[in-house]
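Data first, discussion second: the structure below is written as structure tokens.
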Amino acid sequence: MAYTERIDGRKFDELRPMEAKAGVIPNADGSALVKAGKTTAYAAVYGPRELFPRFKQNPKTGIVRCHYGMMPFSGSGERIRPGNSRRSQEIAMVMEKSLNAMIDLSAFPNAVVDIYVDLPQTDAGTRCAAISAASIALADAGIPMKDMISSVAVGEVDGTVVADLSYDEEAYDAIVSDIPVAMTHNTKEITLLQMDGEISKENLMKALEMAKVGTETVYELQMKALKDKFSRSD
Amino acid sequence: MISNKKTISVLAKEGKRLDGRGLLDYRQPIQLETGISWTAEGSAKVQIGETVVMAGVKLSLEKPYNDTPDQGGIMINVELTPLSSPEHERGPPGIKAIELARVTDRGIREAKAIDMKKLCVTPGEKAWFVIVDIVTINDAGSLYDAASLATLAALKAARFPVVDEATGAINYKEKTEVSLPLLKEPLAVTVYKINGKLFVDPSSQEEHSYDARLTVAADEKGTISAMQKGGDAPLTIDEVGKMVDIAMDKTKFLREQLDKFVK
């Protein structure tokens, strides 16, 4: 085990400094800001509203649509061309799947709930920050939800299982794996699971246990953000 | 969006506004923050009332244009995100975003605010190109003024990245202390006309109700570098004169706000 000390000095299961705030975009029906280290995600929820084009409507239930976008200046290299990329479309799709199971829109046939996430700066873990922010924004918008979704990445850096990898860790010159995970709070079910890199089954299970603890930390922050917003207004 | 067009128009005649402001008052708070994105070479967030926009500067080394082989370049782009308002849709920039981007661009470009020759590294081969992306976070009106303020703040905050001398590659993760060669600091203010009265800093509702508008970009000495008339109603020469006066006065005001937050 060569990776005995993390690059930024965190404990192996320690998340980056995180911040969450609800209700940051007054125009939206619900919104949130999540900062995880040097990654920042804004999420806005609009709806339920009528879905166009009509052929996409479902007369039995409302549907959820996710949109994920890195701002053109949010990458650590060259400017990113605005608009959809293959990557952004895939992330939007897995976000949708990770949130969908916990949202009940049966009372809103033919409607859509749009979730927009835009990131002004990124340093790994963008889809996790996006999902955590989206979940706060959904709750803020009063969308019927069965459970809260909290997300964090776990993985292995040179033999050591760690939580919430930074970009420097993802790019570490050794065997690295990155596993973004989203979990429900009450039932501890996994709604997002992706992985790239190399990992053993044993360490995978260890990493998922770590994700369980990590998402709990995120959950507490999400709930605090919501409580802060709604206690302010009374 | 539902706009009280008629009420706004009637109130304007009496010199009043829906939210109780005077015709020439900006909404509060006006706030500026730079360094909001570590990945950008320069960045800023501007808040005017409920309107929030961000601007980020990216620098890259490109081949200069054939007709200006000894100069770098600038491009300003605007994203009116669906995140920021139910009125904005996904997809390529529409005419609103294009006009806003081009007017903001001209304010900087035509003032020759950036010394383009100083951006040249090797004539005909390599020069710095400045790309400013303006992204709306909450569109509650007055985007012209907010975009211009955010752009100037981000340009002032920008620092060149380190360039590897051997390979010529840009190391975006490390910044030098060198800022952009800014010669002037133009700011744009848009003056609106409703029912014969002139006002600034429109709310979303007022943006839907105006008859005409005039954007005026001016530097710290009061030299005008760009103008754009918008809206369907015509303007008299006398009105244009008054609008320019108001715009000049308000660029001073916005410049004071900028100086409070950005050194």
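Each chain in the structure tokens gets a letter, A, B, ..., in the order shown, and its residues are numbered from 1; ligands are numbered from 1 in order too.
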
Step one, run DSSP on the backbone; step two, keep only residues of segment 48-142 of chain A assigned to alpha helix (DSSP H); then write them as an NGL selection string. :A and (86-100 or 126-140)

Residues from last step as file, N, CA and C atoms, as a PDB file, in the first residue's frame:
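What ended up in out.pdb:
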ATOM      1  N   ARG A  86     -21.347  14.260 -25.526  1.00  0.00           N
ATOM      2  CA  ARG A  86     -21.731  12.883 -25.184  1.00  0.00           C
ATOM      3  C   ARG A  86     -21.683  12.691 -23.681  1.00  0.00           C
ATOM      4  N   ARG A  87     -20.620  13.260 -23.069  1.00  0.00           N
ATOM      5  CA  ARG A  87     -20.458  13.119 -21.627  1.00  0.00           C
ATOM      6  C   ARG A  87     -21.624  13.756 -20.869  1.00  0.00           C
ATOM      7  N   SER A  88     -21.965  15.005 -21.243  1.00  0.00           N
ATOM      8  CA  SER A  88     -23.013  15.704 -20.488  1.00  0.00           C
ATOM      9  C   SER A  88     -24.354  14.996 -20.645  1.00  0.00           C
ATOM     10  N   GLN A  89     -24.582  14.405 -21.818  1.00  0.00           N
ATOM     11  CA  GLN A  89     -25.852  13.716 -22.020  1.00  0.00           C
ATOM     12  C   GLN A  89     -25.926  12.423 -21.197  1.00  0.00           C
ATOM     13  N   GLU A  90     -24.810  11.740 -21.094  1.00  0.00           N
ATOM     14  CA  GLU A  90     -24.807  10.513 -20.295  1.00  0.00           C
ATOM     15  C   GLU A  90     -25.023  10.852 -18.819  1.00  0.00           C
ATOM     16  N   ILE A  91     -24.337  11.907 -18.353  1.00  0.00           N
ATOM     17  CA  ILE A  91     -24.483  12.283 -16.945  1.00  0.00           C
ATOM     18  C   ILE A  91     -25.919  12.685 -16.646  1.00  0.00           C
ATOM     19  N   ALA A  92     -26.528  13.448 -17.570  1.00  0.00           N
ATOM     20  CA  ALA A  92     -27.926  13.845 -17.374  1.00  0.00           C
ATOM     21  C   ALA A  92     -28.811  12.609 -17.267  1.00  0.00           C
ATOM     22  N   MET A  93     -28.518  11.614 -18.082  1.00  0.00           N
ATOM     23  CA  MET A  93     -29.316  10.384 -18.077  1.00  0.00           C
ATOM     24  C   MET A  93     -29.147   9.622 -16.755  1.00  0.00           C
ATOM     25  N   VAL A  94     -27.917   9.463 -16.287  1.00  0.00           N
ATOM     26  CA  VAL A  94     -27.756   8.707 -15.028  1.00  0.00           C
ATOM     27  C   VAL A  94     -28.301   9.498 -13.837  1.00  0.00           C
ATOM     28  N   MET A  95     -28.264  10.836 -13.940  1.00  0.00           N
ATOM     29  CA  MET A  95     -28.882  11.653 -12.885  1.00  0.00           C
ATOM     30  C   MET A  95     -30.378  11.379 -12.814  1.00  0.00           C
ATOM     31  N   GLU A  96     -30.988  11.372 -14.010  1.00  0.00           N
ATOM     32  CA  GLU A  96     -32.421  11.110 -14.103  1.00  0.00           C
ATOM     33  C   GLU A  96     -32.770   9.788 -13.439  1.00  0.00           C
ATOM     34  N   LYS A  97     -31.994   8.749 -13.779  1.00  0.00           N
ATOM     35  CA  LYS A  97     -32.265   7.418 -13.224  1.00  0.00           C
ATOM     36  C   LYS A  97     -32.062   7.413 -11.714  1.00  0.00           C
ATOM     37  N   SER A  98     -31.069   8.165 -11.241  1.00  0.00           N
ATOM     38  CA  SER A  98     -30.769   8.109  -9.811  1.00  0.00           C
ATOM     39  C   SER A  98     -31.838   8.831  -8.987  1.00  0.00           C
ATOM     40  N   LEU A  99     -32.515   9.806  -9.609  1.00  0.00           N
ATOM     41  CA  LEU A  99     -33.518  10.567  -8.855  1.00  0.00           C
ATOM     42  C   LEU A  99     -34.921  10.015  -9.052  1.00  0.00           C
ATOM     43  N   ASN A 100     -35.159   9.490 -10.265  1.00  0.00           N
ATOM     44  CA  ASN A 100     -36.491   9.058 -10.684  1.00  0.00           C
ATOM     45  C   ASN A 100     -37.208   8.145  -9.704  1.00  0.00           C
ATOM     46  N   THR A 126     -18.293  15.848 -10.123  1.00  0.00           N
ATOM     47  CA  THR A 126     -19.336  16.792 -10.541  1.00  0.00           C
ATOM     48  C   THR A 126     -20.716  16.157 -10.563  1.00  0.00           C
ATOM     49  N   ARG A 127     -20.806  14.869 -10.973  1.00  0.00           N
ATOM     50  CA  ARG A 127     -22.145  14.278 -11.048  1.00  0.00           C
ATOM     51  C   ARG A 127     -22.700  14.050  -9.646  1.00  0.00           C
ATOM     52  N   CYS A 128     -21.811  13.784  -8.679  1.00  0.00           N
ATOM     53  CA  CYS A 128     -22.275  13.601  -7.301  1.00  0.00           C
ATOM     54  C   CYS A 128     -22.786  14.920  -6.733  1.00  0.00           C
ATOM     55  N   ALA A 129     -22.020  15.986  -6.939  1.00  0.00           N
ATOM     56  CA  ALA A 129     -22.460  17.311  -6.484  1.00  0.00           C
ATOM     57  C   ALA A 129     -23.766  17.680  -7.175  1.00  0.00           C
ATOM     58  N   ALA A 130     -23.872  17.327  -8.478  1.00  0.00           N
ATOM     59  CA  ALA A 130     -25.076  17.644  -9.243  1.00  0.00           C
ATOM     60  C   ALA A 130     -26.300  16.927  -8.669  1.00  0.00           C
ATOM     61  N   ILE A 131     -26.152  15.643  -8.356  1.00  0.00           N
ATOM     62  CA  ILE A 131     -27.274  14.865  -7.820  1.00  0.00           C
ATOM     63  C   ILE A 131     -27.659  15.366  -6.427  1.00  0.00           C
ATOM     64  N   SER A 132     -26.666  15.620  -5.592  1.00  0.00           N
ATOM     65  CA  SER A 132     -26.957  16.108  -4.238  1.00  0.00           C
ATOM     66  C   SER A 132     -27.663  17.459  -4.292  1.00  0.00           C
ATOM     67  N   ALA A 133     -27.219  18.328  -5.202  1.00  0.00           N
ATOM     68  CA  ALA A 133     -27.848  19.643  -5.352  1.00  0.00           C
ATOM     69  C   ALA A 133     -29.262  19.491  -5.904  1.00  0.00           C
ATOM     70  N   ALA A 134     -29.424  18.620  -6.906  1.00  0.00           N
ATOM     71  CA  ALA A 134     -30.736  18.405  -7.519  1.00  0.00           C
ATOM     72  C   ALA A 134     -31.750  17.902  -6.493  1.00  0.00           C
ATOM     73  N   SER A 135     -31.272  17.037  -5.603  1.00  0.00           N
ATOM     74  CA  SER A 135     -32.150  16.462  -4.592  1.00  0.00           C
ATOM     75  C   SER A 135     -32.654  17.540  -3.622  1.00  0.00           C
ATOM     76  N   ILE A 136     -31.773  18.444  -3.231  1.00  0.00           N
ATOM     77  CA  ILE A 136     -32.184  19.569  -2.372  1.00  0.00           C
ATOM     78  C   ILE A 136     -33.187  20.439  -3.126  1.00  0.00           C
ATOM     79  N   ALA A 137     -32.876  20.723  -4.405  1.00  0.00           N
ATOM     80  CA  ALA A 137     -33.741  21.604  -5.200  1.00  0.00           C
ATOM     81  C   ALA A 137     -35.134  20.996  -5.371  1.00  0.00           C
ATOM     82  N   LEU A 138     -35.202  19.660  -5.553  1.00  0.00           N
ATOM     83  CA  LEU A 138     -36.495  18.983  -5.681  1.00  0.00           C
ATOM     84  C   LEU A 138     -37.311  19.131  -4.403  1.00  0.00           C
ATOM     85  N   ALA A 139     -36.648  18.923  -3.264  1.00  0.00           N
ATOM     86  CA  ALA A 139     -37.337  19.061  -1.982  1.00  0.00           C
ATOM     87  C   ALA A 139     -37.773  20.503  -1.781  1.00  0.00           C
ATOM     88  N   ASP A 140     -36.899  21.437  -2.161  1.00  0.00           N
ATOM     89  CA  ASP A 140     -37.196  22.866  -2.044  1.00  0.00           C
ATOM     90  C   ASP A 140     -38.420  23.239  -2.884  1.00  0.00           C
TER      91      ASP A 140
END

Per residue of chain A within 9 Å of chain B, record the nearest atom pair and its distance in Å to one decimal, counting only C-alpha atoms, with rows in chain order and ascending residue number, as a tab-separated table.
residue	atom	partner	partner_atom	distance
A:Val24	CA	B:Asn138	CA	8.7
A:Ile25	CA	B:Asn138	CA	5.7
A:Pro26	CA	B:Asn138	CA	6.9
A:Asn27	CA	B:Ser85	CA	5.7
A:Ala28	CA	B:Ser85	CA	6.8
A:Lys38	CA	B:Trp38	CA	7.5
A:Thr40	CA	B:Ser37	CA	8.6
A:Tyr42	CA	B:Ile137	CA	8.3
A:Ala43	CA	B:Leu83	CA	7.3
A:Ala44	CA	B:Leu83	CA	5.5
A:Val45	CA	B:Leu83	CA	7.8
A:Tyr46	CA	B:Pro86	CA	7.1
A:Met71	CA	B:Val135	CA	7.5
A:Pro72	CA	B:Asp133	CA	6.6
A:Phe73	CA	B:Ala40	CA	5.1
A:Ser74	CA	B:Thr39	CA	5.3
A:Gly75	CA	B:Thr39	CA	5.6
A:Ser76	CA	B:Thr39	CA	4.7
A:Gly77	CA	B:Tyr172	CA	5.6
A:Glu78	CA	B:Ser60	CA	7.2
A:Arg79	CA	B:Lys58	CA	6.0
A:Pro82	CA	B:Glu79	CA	8.2
A:Gly83	CA	B:Gly91	CA	6.8
A:Asn84	CA	B:Gly91	CA	8.4
A:Ile115	CA	B:Leu83	CA	8.0
A:Tyr116	CA	B:Leu83	CA	5.3
A:Val117	CA	B:Leu83	CA	7.1
A:Asp118	CA	B:Leu83	CA	7.5
A:Pro120	CA	B:Ser37	CA	6.0
A:Gln121	CA	B:Ser37	CA	5.0
A:Thr122	CA	B:Thr39	CA	7.2
A:Asp123	CA	B:Thr39	CA	8.7

Neighbour list for segment 120-128 of chain B as a VMD selection string, cut-off 8 Å, only C-alpha atoms, skip fewer than 4 positions in-chain: chain B and resid 59 to 66 69 to 73 116

Just want the 12 Å neighbourhood of Ile63 of chain A, counted on only C-alpha atoms, with same-chain residues fewer than 2 positions away dropped. Output as a JSON list (two decimals) with C-alpha atoms, in the first residue's frame.
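Resulting contents of result29.json:
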[["chain", "number", "residue", "atom", "x", "y", "z"],
["A", 47, "GLY", "CA", -42.29, 22.38, -12.67],
["A", 48, "PRO", "CA", -44.39, 20.37, -12.65],
["A", 49, "ARG", "CA", -45.33, 22.12, -15.89],
["A", 50, "GLU", "CA", -46.89, 21.04, -19.16],
["A", 51, "LEU", "CA", -44.57, 18.94, -21.28],
["A", 52, "PHE", "CA", -43.90, 19.81, -24.90],
["A", 56, "LYS", "CA", -43.61, 12.94, -25.00],
["A", 57, "GLN", "CA", -46.35, 13.33, -22.42],
["A", 58, "ASN", "CA", -47.33, 10.40, -20.22],
["A", 59, "PRO", "CA", -51.03, 10.49, -19.30],
["A", 60, "LYS", "CA", -50.36, 8.27, -16.27],
["A", 61, "THR", "CA", -47.64, 10.30, -14.59],
["A", 65, "ARG", "CA", -35.92, 15.58, -17.16],
["A", 66, "CYS", "CA", -32.34, 16.31, -16.12],
["A", 96, "GLU", "CA", -32.42, 11.11, -14.10],
["A", 97, "LYS", "CA", -32.27, 7.42, -13.22],
["A", 99, "LEU", "CA", -33.52, 10.57, -8.86],
["A", 100, "ASN", "CA", -36.49, 9.06, -10.68],
["A", 101, "ALA", "CA", -37.12, 6.12, -8.37],
["A", 103, "ILE", "CA", -39.91, 10.96, -7.09],
["A", 104, "ASP", "CA", -43.66, 10.38, -7.29],
["A", 105, "LEU", "CA", -45.28, 12.43, -10.05],
["A", 106, "SER", "CA", -48.42, 10.29, -10.41],
["A", 107, "ALA", "CA", -50.51, 13.30, -9.36],
["A", 108, "PHE", "CA", -49.19, 15.28, -12.34],
["A", 109, "PRO", "CA", -50.09, 13.43, -15.55],
["A", 110, "ASN", "CA", -48.68, 14.91, -18.79],
["A", 111, "ALA", "CA", -46.39, 17.15, -16.77],
["A", 112, "VAL", "CA", -42.63, 17.49, -16.63],
["A", 113, "VAL", "CA", -40.28, 18.46, -13.84],
["A", 114, "ASP", "CA", -37.12, 19.96, -15.32],
["A", 115, "ILE", "CA", -33.91, 19.84, -13.32],
["A", 143, "ILE", "CA", -41.92, 17.76, -5.39]]

What separation in Å, quoted to one decimal, exists between atom CA of Thr176 of chain B and atom CA of Thr39 of chain A?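 Interatomic distance here is 22.4 Å.
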
List every residue of segment 127-242 of chain B that DSSP, applied to the backbone of this structure, assigns to strand (DSSP E), and report them as a PyMOL selection string. chain B and resi 127-138+159-163+170-179+187-194+197-200+212-218+224-230

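Considering only C-alpha atoms, the residue among A:Ala174, A:Met18, A:Ala163, A:Ala32 positioned nearest to Leu208 of chain A is A:Ala163.
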
Skip segment 211-217 of chain B itself and residues of its chain fewer than 4 positions away, then list as a ChimeraX atom specification all residues within 10 Å of it, counting only C-alpha atoms. /B:9,103-104,106-108,110-111,144-145,148,185-200,206-207,222-235,239-240,243-248,251

Nearest residue to Arg6 of chain A out of A:Tyr68, A:Ile190, A:Val162, A:Ala141, using only C-alpha atoms?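 The shortest atom-to-atom distance to Arg6 of chain A comes from A:Val162.
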
Check which residues of segment 108-188 of chain B sit at most 12 Å from segment 13-34 of chain B using only C-alpha atoms, and return one row each with the closest pair of atoms and their distance in Å to one decimal, ordered by chain and rising number, as a Markdown table.
| residue | atom | partner | partner_atom | distance |
| --- | --- | --- | --- | --- |
| B:Ala140 | CA | B:Arg27 | CA | 10.8 |
| B:Gly141 | CA | B:Arg27 | CA | 10.6 |
| B:Ser142 | CA | B:Tyr26 | CA | 9.7 |
| B:Asp145 | CA | B:Tyr26 | CA | 10.4 |
| B:Ala146 | CA | B:Ile30 | CA | 9.6 |
| B:Ala147 | CA | B:Leu32 | CA | 11.7 |
| B:Leu149 | CA | B:Leu32 | CA | 8.7 |
| B:Ala150 | CA | B:Leu32 | CA | 7.8 |
| B:Thr151 | CA | B:Thr34 | CA | 10.6 |
| B:Leu152 | CA | B:Thr34 | CA | 10.6 |
| B:Ala153 | CA | B:Thr34 | CA | 7.0 |
| B:Ala154 | CA | B:Thr34 | CA | 6.7 |
| B:Leu155 | CA | B:Thr34 | CA | 10.0 |
| B:Lys156 | CA | B:Thr34 | CA | 9.2 |
| B:Ala157 | CA | B:Thr34 | CA | 6.6 |
| B:Ala158 | CA | B:Thr34 | CA | 9.4 |

Go ahead and save the picked residues with N, CA and C atoms, as an mmCIF file, in the first residue's frame.
data_model
loop_
_atom_site.group_PDB
_atom_site.id
_atom_site.type_symbol
_atom_site.label_atom_id
_atom_site.label_comp_id
_atom_site.auth_asym_id
_atom_site.auth_seq_id
_atom_site.Cartn_x
_atom_site.Cartn_y
_atom_site.Cartn_z
ATOM 1 N N ALA B 140 -33.414 38.244 -13.642
ATOM 2 C CA ALA B 140 -34.525 39.068 -13.177
ATOM 3 C C ALA B 140 -34.410 40.460 -13.793
ATOM 4 N N GLY B 141 -33.980 40.498 -15.040
ATOM 5 C CA GLY B 141 -33.911 41.759 -15.771
ATOM 6 C C GLY B 141 -32.561 42.447 -15.703
ATOM 7 N N SER B 142 -32.406 43.482 -16.548
ATOM 8 C CA SER B 142 -31.196 44.313 -16.548
ATOM 9 C C SER B 142 -29.917 43.534 -16.859
ATOM 10 N N ASP B 145 -26.613 45.612 -18.214
ATOM 11 C CA ASP B 145 -25.735 46.254 -17.238
ATOM 12 C C ASP B 145 -24.953 45.201 -16.445
ATOM 13 N N ALA B 146 -25.655 44.129 -16.047
ATOM 14 C CA ALA B 146 -25.010 43.082 -15.239
ATOM 15 C C ALA B 146 -23.915 42.379 -16.035
ATOM 16 N N ALA B 147 -24.179 42.097 -17.315
ATOM 17 C CA ALA B 147 -23.204 41.395 -18.155
ATOM 18 C C ALA B 147 -21.954 42.248 -18.362
ATOM 19 N N LEU B 149 -20.836 44.667 -16.423
ATOM 20 C CA LEU B 149 -20.126 44.775 -15.141
ATOM 21 C C LEU B 149 -19.339 43.486 -14.838
ATOM 22 N N ALA B 150 -19.984 42.345 -15.080
ATOM 23 C CA ALA B 150 -19.330 41.059 -14.817
ATOM 24 C C ALA B 150 -18.146 40.861 -15.756
ATOM 25 N N THR B 151 -18.308 41.257 -17.017
ATOM 26 C CA THR B 151 -17.237 41.099 -18.002
ATOM 27 C C THR B 151 -16.011 41.915 -17.603
ATOM 28 N N LEU B 152 -16.237 43.194 -17.275
ATOM 29 C CA LEU B 152 -15.103 44.047 -16.902
ATOM 30 C C LEU B 152 -14.418 43.537 -15.635
ATOM 31 N N ALA B 153 -15.231 43.121 -14.663
ATOM 32 C CA ALA B 153 -14.654 42.602 -13.409
ATOM 33 C C ALA B 153 -13.819 41.352 -13.670
ATOM 34 N N ALA B 154 -14.325 40.455 -14.530
ATOM 35 C CA ALA B 154 -13.591 39.214 -14.834
ATOM 36 C C ALA B 154 -12.316 39.516 -15.610
ATOM 37 N N LEU B 155 -12.384 40.475 -16.549
ATOM 38 C CA LEU B 155 -11.193 40.851 -17.315
ATOM 39 C C LEU B 155 -10.129 41.445 -16.387
ATOM 40 N N LYS B 156 -10.584 42.285 -15.429
ATOM 41 C CA LYS B 156 -9.631 42.894 -14.486
ATOM 42 C C LYS B 156 -9.001 41.842 -13.572
ATOM 43 N N ALA B 157 -9.779 40.826 -13.261
ATOM 44 C CA ALA B 157 -9.286 39.798 -12.330
ATOM 45 C C ALA B 157 -8.423 38.744 -13.027
ATOM 46 N N ALA B 158 -8.453 38.714 -14.352
ATOM 47 C CA ALA B 158 -7.776 37.627 -15.084
ATOM 48 C C ALA B 158 -6.256 37.694 -14.951
#
